[in-house]
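Structure file start-v9.txt (compact mmCIF, C-alpha atoms) is printed below.
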# COMPACT_ATOMS: atom_id res chain seq x y z
CA MET A 250 -13.08 -199.72 -58.27
CA SER A 251 -13.64 -202.01 -55.32
CA PRO A 252 -14.59 -200.41 -51.97
CA ARG A 253 -11.75 -199.65 -49.57
CA LYS A 254 -11.10 -202.49 -47.17
CA LEU A 255 -11.69 -201.57 -43.56
CA ASP A 256 -8.79 -202.07 -41.15
CA PRO A 257 -9.80 -204.35 -38.24
CA ASP A 258 -7.02 -202.89 -36.08
CA THR A 259 -8.44 -199.38 -36.51
CA ARG A 260 -11.89 -200.64 -35.58
CA THR A 261 -10.55 -202.23 -32.39
CA THR A 262 -8.56 -199.10 -31.52
CA LEU A 263 -11.62 -196.87 -31.87
CA VAL A 264 -13.67 -199.20 -29.65
CA ASP A 265 -10.99 -199.27 -26.96
CA ILE A 266 -10.52 -195.51 -27.00
CA ALA A 267 -14.26 -194.80 -26.82
CA ALA A 268 -14.75 -197.24 -23.95
CA ARG A 269 -11.77 -195.84 -22.05
CA LEU A 270 -12.99 -192.25 -22.46
CA LEU A 271 -16.40 -193.30 -21.22
CA ALA A 272 -14.98 -195.17 -18.23
CA GLU A 273 -12.48 -192.47 -17.22
CA HIS A 274 -14.34 -189.27 -18.01
CA GLY A 275 -18.02 -190.12 -18.21
CA ALA A 276 -20.65 -189.76 -20.89
CA GLY A 277 -19.64 -186.20 -21.78
CA ALA A 278 -16.33 -187.42 -23.18
CA LEU A 279 -17.97 -189.66 -25.75
CA SER A 280 -17.78 -187.57 -28.91
CA THR A 281 -16.48 -188.24 -32.40
CA ARG A 282 -14.02 -185.35 -32.04
CA LYS A 283 -12.41 -186.67 -28.86
CA ILE A 284 -12.34 -190.27 -30.09
CA ALA A 285 -10.77 -189.23 -33.40
CA ALA A 286 -8.17 -187.05 -31.64
CA GLU A 287 -7.12 -189.94 -29.40
CA ALA A 288 -6.93 -192.30 -32.37
CA GLY A 289 -5.09 -189.84 -34.61
CA THR A 290 -7.70 -190.11 -37.31
CA SER A 291 -10.64 -188.12 -38.69
CA THR A 292 -14.10 -187.93 -37.16
CA MET A 293 -15.37 -189.58 -40.33
CA ALA A 294 -13.69 -192.83 -39.24
CA VAL A 295 -16.37 -193.36 -36.57
CA TYR A 296 -19.08 -193.24 -39.22
CA THR A 297 -17.06 -195.29 -41.69
CA TYR A 298 -16.57 -198.15 -39.25
CA PHE A 299 -19.75 -197.98 -37.14
CA GLY A 300 -22.31 -195.95 -39.06
CA SER A 301 -23.13 -193.77 -36.06
CA MET A 302 -22.22 -193.15 -32.44
CA SER A 303 -25.00 -195.57 -31.48
CA GLY A 304 -23.30 -198.17 -33.64
CA LEU A 305 -20.02 -197.53 -31.83
CA VAL A 306 -21.67 -197.98 -28.42
CA ARG A 307 -23.23 -201.23 -29.62
CA GLU A 308 -19.83 -202.39 -30.87
CA MET A 309 -18.34 -201.81 -27.39
CA VAL A 310 -20.84 -204.33 -26.03
CA HIS A 311 -20.15 -206.85 -28.79
CA GLU A 312 -16.38 -206.46 -28.52
CA GLY A 313 -16.48 -206.94 -24.76
CA PHE A 314 -18.30 -210.24 -25.07
CA ALA A 315 -16.08 -211.35 -27.96
CA ARG A 316 -13.07 -210.90 -25.69
CA LEU A 317 -14.78 -212.83 -22.91
CA GLU A 318 -15.48 -215.68 -25.33
CA GLN A 319 -11.84 -215.62 -26.42
CA GLN A 320 -10.79 -215.82 -22.77
CA PHE A 321 -13.10 -218.80 -22.17
CA ALA A 322 -11.69 -220.52 -25.27
CA GLY A 323 -8.32 -220.73 -23.55
CA VAL A 324 -9.73 -222.91 -20.75
CA ARG A 325 -9.20 -226.61 -21.41
CA GLN A 326 -11.80 -229.32 -20.90
CA THR A 327 -10.30 -231.97 -18.61
CA ASP A 328 -11.45 -235.02 -16.70
CA ASP A 329 -12.02 -232.71 -13.70
CA PRO A 330 -14.96 -230.56 -14.82
CA VAL A 331 -15.21 -228.88 -11.42
CA ALA A 332 -11.66 -227.60 -11.80
CA ASP A 333 -12.64 -226.48 -15.30
CA MET A 334 -15.55 -224.52 -13.79
CA ALA A 335 -13.20 -222.82 -11.32
CA VAL A 336 -10.81 -221.86 -14.12
CA LEU A 337 -13.72 -220.42 -16.12
CA GLY A 338 -14.61 -218.28 -13.11
CA HIS A 339 -11.08 -216.94 -12.94
CA ALA A 340 -11.15 -216.35 -16.71
CA TYR A 341 -14.28 -214.23 -16.23
CA ARG A 342 -12.56 -212.22 -13.49
CA HIS A 343 -9.37 -211.79 -15.50
CA ASN A 344 -11.24 -210.61 -18.58
CA ALA A 345 -13.10 -208.04 -16.48
CA ARG A 346 -9.86 -206.72 -15.02
CA VAL A 347 -7.94 -206.39 -18.29
CA ASN A 348 -10.99 -205.02 -20.15
CA SER A 349 -12.51 -202.98 -17.34
CA HIS A 350 -13.22 -200.13 -19.77
CA LEU A 351 -15.55 -202.45 -21.70
CA TYR A 352 -16.93 -204.40 -18.76
CA ALA A 353 -19.37 -201.80 -17.43
CA VAL A 354 -20.69 -201.13 -20.94
CA MET A 355 -21.27 -204.84 -21.58
CA PHE A 356 -23.84 -204.99 -18.81
CA GLY A 357 -25.30 -201.50 -19.15
CA GLY A 358 -23.64 -200.36 -15.93
CA GLN A 359 -22.12 -197.26 -17.52
CA SER A 360 -24.04 -194.17 -18.60
CA LEU A 361 -23.98 -194.28 -22.38
CA ALA A 362 -24.29 -190.59 -23.21
CA GLY A 363 -27.90 -190.93 -24.30
CA PHE A 364 -27.30 -194.05 -26.38
CA SER A 365 -29.44 -196.72 -24.76
CA LEU A 366 -28.96 -200.44 -25.26
CA THR A 367 -31.78 -202.33 -26.94
CA GLU A 368 -33.12 -205.59 -25.55
CA ASP A 369 -31.18 -207.40 -28.27
CA ASP A 370 -28.02 -205.61 -27.14
CA ARG A 371 -28.60 -206.65 -23.54
CA GLN A 372 -29.09 -210.29 -24.48
CA HIS A 373 -26.32 -210.39 -27.10
CA GLY A 374 -23.63 -211.75 -24.80
CA ARG A 375 -25.59 -214.78 -23.65
CA TYR A 376 -23.75 -216.91 -26.18
CA THR A 377 -20.73 -216.78 -23.85
CA LEU A 378 -22.80 -218.51 -21.14
CA ALA A 379 -23.01 -221.66 -23.29
CA THR A 380 -19.47 -222.61 -22.24
CA VAL A 381 -20.45 -222.48 -18.57
CA VAL A 382 -23.69 -224.39 -19.20
CA ASP A 383 -21.72 -227.13 -20.95
CA CYS A 384 -19.26 -227.32 -18.06
CA ALA A 385 -22.10 -227.53 -15.54
CA GLY A 386 -23.59 -230.38 -17.55
CA ARG A 387 -20.29 -232.24 -17.44
CA CYS A 388 -20.10 -231.74 -13.67
CA ILE A 389 -23.57 -233.26 -13.33
CA ALA A 390 -22.76 -236.14 -15.69
CA ALA A 391 -19.60 -236.90 -13.71
CA GLY A 392 -21.62 -237.18 -10.50
CA ARG A 393 -19.90 -234.20 -8.92
CA PHE A 394 -23.07 -232.09 -8.90
CA GLY A 395 -26.52 -233.35 -8.00
CA GLU A 396 -29.33 -233.62 -10.52
CA ALA A 397 -30.01 -230.06 -11.62
CA ASP A 398 -30.68 -227.83 -14.60
CA PRO A 399 -27.24 -226.97 -16.07
CA LEU A 400 -28.60 -223.62 -17.28
CA LEU A 401 -29.68 -222.68 -13.76
CA VAL A 402 -26.34 -223.78 -12.29
CA ALA A 403 -24.51 -221.69 -14.90
CA HIS A 404 -26.63 -218.68 -13.98
CA GLU A 405 -25.80 -219.16 -10.30
CA MET A 406 -22.10 -219.18 -11.12
CA TRP A 407 -22.44 -216.14 -13.38
CA ILE A 408 -24.56 -214.05 -11.01
CA THR A 409 -22.33 -214.69 -8.02
CA THR A 410 -19.06 -214.15 -9.89
CA HIS A 411 -20.40 -211.00 -11.53
CA GLY A 412 -21.31 -209.57 -8.14
CA LEU A 413 -17.83 -210.24 -6.79
CA VAL A 414 -16.22 -208.72 -9.89
CA ASN A 415 -18.16 -205.48 -9.47
CA LEU A 416 -16.83 -205.15 -5.91
CA GLU A 417 -13.35 -206.20 -7.03
CA LEU A 418 -13.18 -203.59 -9.80
CA GLY A 419 -14.50 -200.97 -7.42
CA GLY A 420 -11.65 -201.66 -5.00
CA TYR A 421 -13.96 -202.74 -2.18
CA LEU A 422 -12.40 -206.14 -1.51
CA ILE A 423 -9.29 -205.55 0.58
CA ASP A 424 -7.22 -207.56 3.06
CA PRO A 425 -7.86 -209.49 5.17
CA VAL A 426 -10.73 -210.47 2.83
CA GLY A 427 -9.30 -209.71 -0.57
CA ALA A 428 -10.89 -210.70 -3.86
CA ASP A 429 -9.02 -214.00 -4.24
CA ARG A 430 -9.81 -215.18 -0.72
CA ALA A 431 -13.44 -214.11 -1.01
CA TYR A 432 -13.83 -215.79 -4.39
CA GLU A 433 -12.38 -219.10 -3.24
CA ALA A 434 -14.69 -219.19 -0.21
CA MET A 435 -17.68 -218.18 -2.31
CA LEU A 436 -16.89 -220.73 -5.03
CA THR A 437 -16.44 -223.52 -2.48
CA SER A 438 -19.87 -222.73 -1.04
CA LEU A 439 -21.41 -222.73 -4.51
CA LEU A 440 -19.83 -226.03 -5.49
CA VAL A 441 -20.91 -227.74 -2.28
CA GLY A 442 -24.33 -226.16 -2.60
CA VAL A 443 -24.94 -227.83 -5.97
CA GLY A 444 -23.87 -231.23 -4.70
CA ASP A 445 -20.08 -231.55 -4.56
CA ASP A 446 -18.44 -232.67 -1.31
CA VAL A 447 -16.05 -230.37 0.52
CA LYS A 448 -12.96 -232.54 0.06
CA SER A 449 -13.46 -233.03 -3.68
CA ALA A 450 -14.26 -229.35 -4.19
CA ALA A 451 -11.06 -228.37 -2.35
CA ALA A 452 -9.01 -230.73 -4.51
CA SER A 453 -10.49 -229.32 -7.71
CA LEU A 454 -9.88 -225.75 -6.59
CA ALA A 455 -6.26 -226.63 -5.83
CA ALA A 456 -5.93 -228.15 -9.31
CA SER A 457 -7.44 -225.04 -10.89
CA LYS A 458 -4.81 -222.82 -9.28
CA LYS A 459 -2.06 -224.69 -11.11
CA ARG A 460 -3.78 -224.03 -14.44
CA ARG A 461 -4.58 -220.35 -14.02
CA ARG A 462 -1.31 -218.83 -15.17
CA ARG A 463 -1.17 -220.83 -18.40
CA GLU A 464 -4.86 -220.83 -19.33
CA VAL A 465 -6.03 -217.50 -17.93
CA GLU A 466 -3.27 -215.06 -17.08
CA THR A 467 -1.00 -215.50 -20.10
CA PRO A 468 -2.26 -212.77 -22.41
CA GLU A 469 -3.39 -213.67 -25.90
CA PRO A 470 -3.53 -211.10 -28.69
CA VAL A 471 -6.98 -209.63 -29.31
CA THR A 472 -8.38 -211.13 -32.49
CA SER A 473 -10.70 -208.92 -34.44
CA ARG A 474 -14.08 -210.36 -35.37
CA ASN A 475 -14.19 -208.57 -38.67
Can you turn what I pasted into structure tokens?
Amino acid sequence: MSPRKLDPDTRTTLVDIAARLLAEHGAGALSTRKIAAEAGTSTMAVYTYFGSMSGLVREMVHEGFARLEQQFAGVRQTDDPVADMAVLGHAYRHNARVNSHLYAVMFGGQSLAGFSLTEDDRQHGRYTLATVVDCAGRCIAAGRFGEADPLLVAHEMWITTHGLVNLELGGYLIDPVGADRAYEAMLTSLLVGVGDDVKSAAASLAASKKRRRREVETPEPVTSRN
């Protein structure tokens, strides 16, 4: 008899429930009993799908980055790579907002109930940065950015956007300097800082706004990786 096929929807549900319990109630809520009760399944399901609670925690990290990669995949490459970069930034922010329960776990910002991330776990999500590195390279090739290391430029974009997102999710960015206004000002400074001129940067940011709803804010179904 062939082994029972695992249900990718059940796997995703267990990951979402575990991450939400962790985010809303802290490390003490992360138990097979509570996860199974929320999912309407047996405690054995956690071990069937993930091997252990440590495996489930690791899967939260991997799932979070898989969803970020899926969000980036919706951003088109156009003849305005600076606008593309701006849209990628908004995609990062949007992914963090709609998957806030996974976001803190992805970067080790949430207490993990004694389950620590390995160095491999911490570096796992770097594959998502490749999209930003490629975009930075296209900005340089187009003469919009000065001669620079695309990897370093991508890190600057990531580090700055990540910092804003943490404040945004925490509810610290309020009017008259809300998250959108702060991000646009910050992004303009970054773009000009790496070589773009103010007028061109402003035009690209304006173009990116017209693309956000279609490429970033229209939800796509979560596709399981298994």
Nearest to A:Leu418, chosen from A:Gln320, A:Ser303, A:Thr290, A:Ser349, with only C-alpha atoms counted in the distances: A:Ser349
Name all residues at most 12 Å from A:Thr327 (count all atoms listed in the file; drop same-chain ones fewer than 3 positions away) and give them as an mmCIF file with C-alpha atoms, in the frame of the given file.
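So part.cif came out as:
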data_model
loop_
_atom_site.group_PDB
_atom_site.id
_atom_site.type_symbol
_atom_site.label_atom_id
_atom_site.label_comp_id
_atom_site.auth_asym_id
_atom_site.auth_seq_id
_atom_site.Cartn_x
_atom_site.Cartn_y
_atom_site.Cartn_z
ATOM 1 C CA VAL A 324 -9.730 -222.910 -20.750
ATOM 2 C CA PRO A 330 -14.960 -230.560 -14.820
ATOM 3 C CA VAL A 331 -15.210 -228.880 -11.420
ATOM 4 C CA ALA A 332 -11.660 -227.600 -11.800
ATOM 5 C CA ASP A 333 -12.640 -226.480 -15.300
ATOM 6 C CA MET A 334 -15.550 -224.520 -13.790
ATOM 7 C CA VAL A 336 -10.810 -221.860 -14.120
ATOM 8 C CA CYS A 384 -19.260 -227.320 -18.060
ATOM 9 C CA ARG A 387 -20.290 -232.240 -17.440
ATOM 10 C CA CYS A 388 -20.100 -231.740 -13.670
ATOM 11 C CA ALA A 391 -19.600 -236.900 -13.710
ATOM 12 C CA SER A 453 -10.490 -229.320 -7.710
ATOM 13 C CA ALA A 456 -5.930 -228.150 -9.310
ATOM 14 C CA SER A 457 -7.440 -225.040 -10.890
ATOM 15 C CA ARG A 460 -3.780 -224.030 -14.440
#
Close residues, A:Gly427 itself excluded, 12 Å, all atoms listed in the file, min 4 positions apart in chain, as an NGL selection string: :A and (413-414 or 416-418 or 420-423 or 431-434)
Atom CA of A:Ala379 to atom CA of A:Leu337, distance in Å rounded to a single decimal: 11.8 Å
d(atom CA of A:Ala335, atom CA of A:Ala450) in Å: 9.7 Å
Exercise: A:Gly392 partners within 12 Å, all atoms listed in the file, chain neighbours under 5 positions left out, as a list in words: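 Answer for this query is Asp329, Pro330, Val331, Ala385, Gly386, Arg387, Ala397, Val443, Gly444, Asp445, Asp446 and Ser449 of chain A.
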Nearest to A:Leu440, chosen from A:Leu317, A:Ile389, A:Leu271, A:Ala286, with all atoms listed in the file counted in the distances: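 With all atoms listed in the file as the atom set, the closest residue is A:Ile389.
Using only C-alpha atoms, the nearest neighbour of A:His343 within the list A:Arg260, A:Arg316, A:Arg307, A:Arg375 is A:Arg316.
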Interface rows for stretch 311-386 of chain A against stretch 400-411 of chain A: nearest pair, Å to one decimal, 8 Å, all atoms listed in the file, as JSON lines:
{"residue": "A:Gly338", "atom": "CA", "partner": "A:Thr410", "partner_atom": "CA", "distance": 6.9}
{"residue": "A:Tyr341", "atom": "CA", "partner": "A:Thr410", "partner_atom": "CA", "distance": 7.9}
{"residue": "A:Arg342", "atom": "CA", "partner": "A:Thr410", "partner_atom": "CA", "distance": 7.7}
{"residue": "A:Leu378", "atom": "CA", "partner": "A:Ala403", "partner_atom": "CA", "distance": 7.2}
{"residue": "A:Val381", "atom": "CA", "partner": "A:Ala403", "partner_atom": "CA", "distance": 5.5}
{"residue": "A:Val382", "atom": "CA", "partner": "A:Ala403", "partner_atom": "CA", "distance": 5.1}
{"residue": "A:Ala385", "atom": "CA", "partner": "A:Ala403", "partner_atom": "CA", "distance": 6.4}
A:Lys448 environment, 12 Å, all atoms listed in the file, sequence neighbours closer than 6 positions dropped, as a count of residues only: 6
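By all atoms listed in the file, and with residues fewer than 6 positions from A:Thr262 along its chain excluded, the set lying at most 10 Å from it is Ala268, Ile284, Glu287 and Ala288 of chain A.
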Atomic separation - atom CA of A:Asp398 relative to atom CA of A:Asp429, Å: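 Going from atom CA of A:Asp429 over to atom CA of A:Asp398, I get 27.7 Å.
Each of A:Phe356, A:Phe321, A:Phe314, A:Tyr298 was compared to A:Arg461 using only C-alpha atoms, and A:Phe321 turns out to be the nearest.
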Could you list, with a cut-off of 12 Å and counting all atoms listed in the file, the residues of stretch 284-333 of chain A near stretch 368-372 of chain A, each shown with its nearest atom pair and the distance in Å rounded to one decimal, rows sorted by chain and ascending number, as a Markdown table?
| residue | atom | partner | partner_atom | distance |
| --- | --- | --- | --- | --- |
| A:Ser303 | CA | A:Asp370 | CA | 11.3 |
| A:Gly304 | CA | A:Asp370 | CA | 10.9 |
| A:Val306 | CA | A:Asp370 | CA | 10.0 |
| A:Arg307 | CA | A:Asp370 | CA | 6.9 |
| A:Glu308 | CA | A:Asp370 | CA | 9.6 |
| A:Met309 | CA | A:Asp370 | CA | 10.4 |
| A:Val310 | CA | A:Asp370 | CA | 7.4 |
| A:His311 | CA | A:Asp370 | CA | 8.1 |
| A:Glu312 | CA | A:Asp370 | CA | 11.8 |
| A:Gly313 | CA | A:Asp370 | CA | 11.9 |
| A:Phe314 | CA | A:Gln372 | CA | 10.8 |
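Of the listed residues (A:Ala340, A:Ala390, A:Leu436, A:Ala353), A:Ala340 comes nearest to A:Arg463; the distances count all atoms listed in the file.
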Using all atoms listed in the file: which of A:Ala452, A:Leu305, A:Arg430, A:Met435 has the shortest distance to A:Gly412: A:Met435
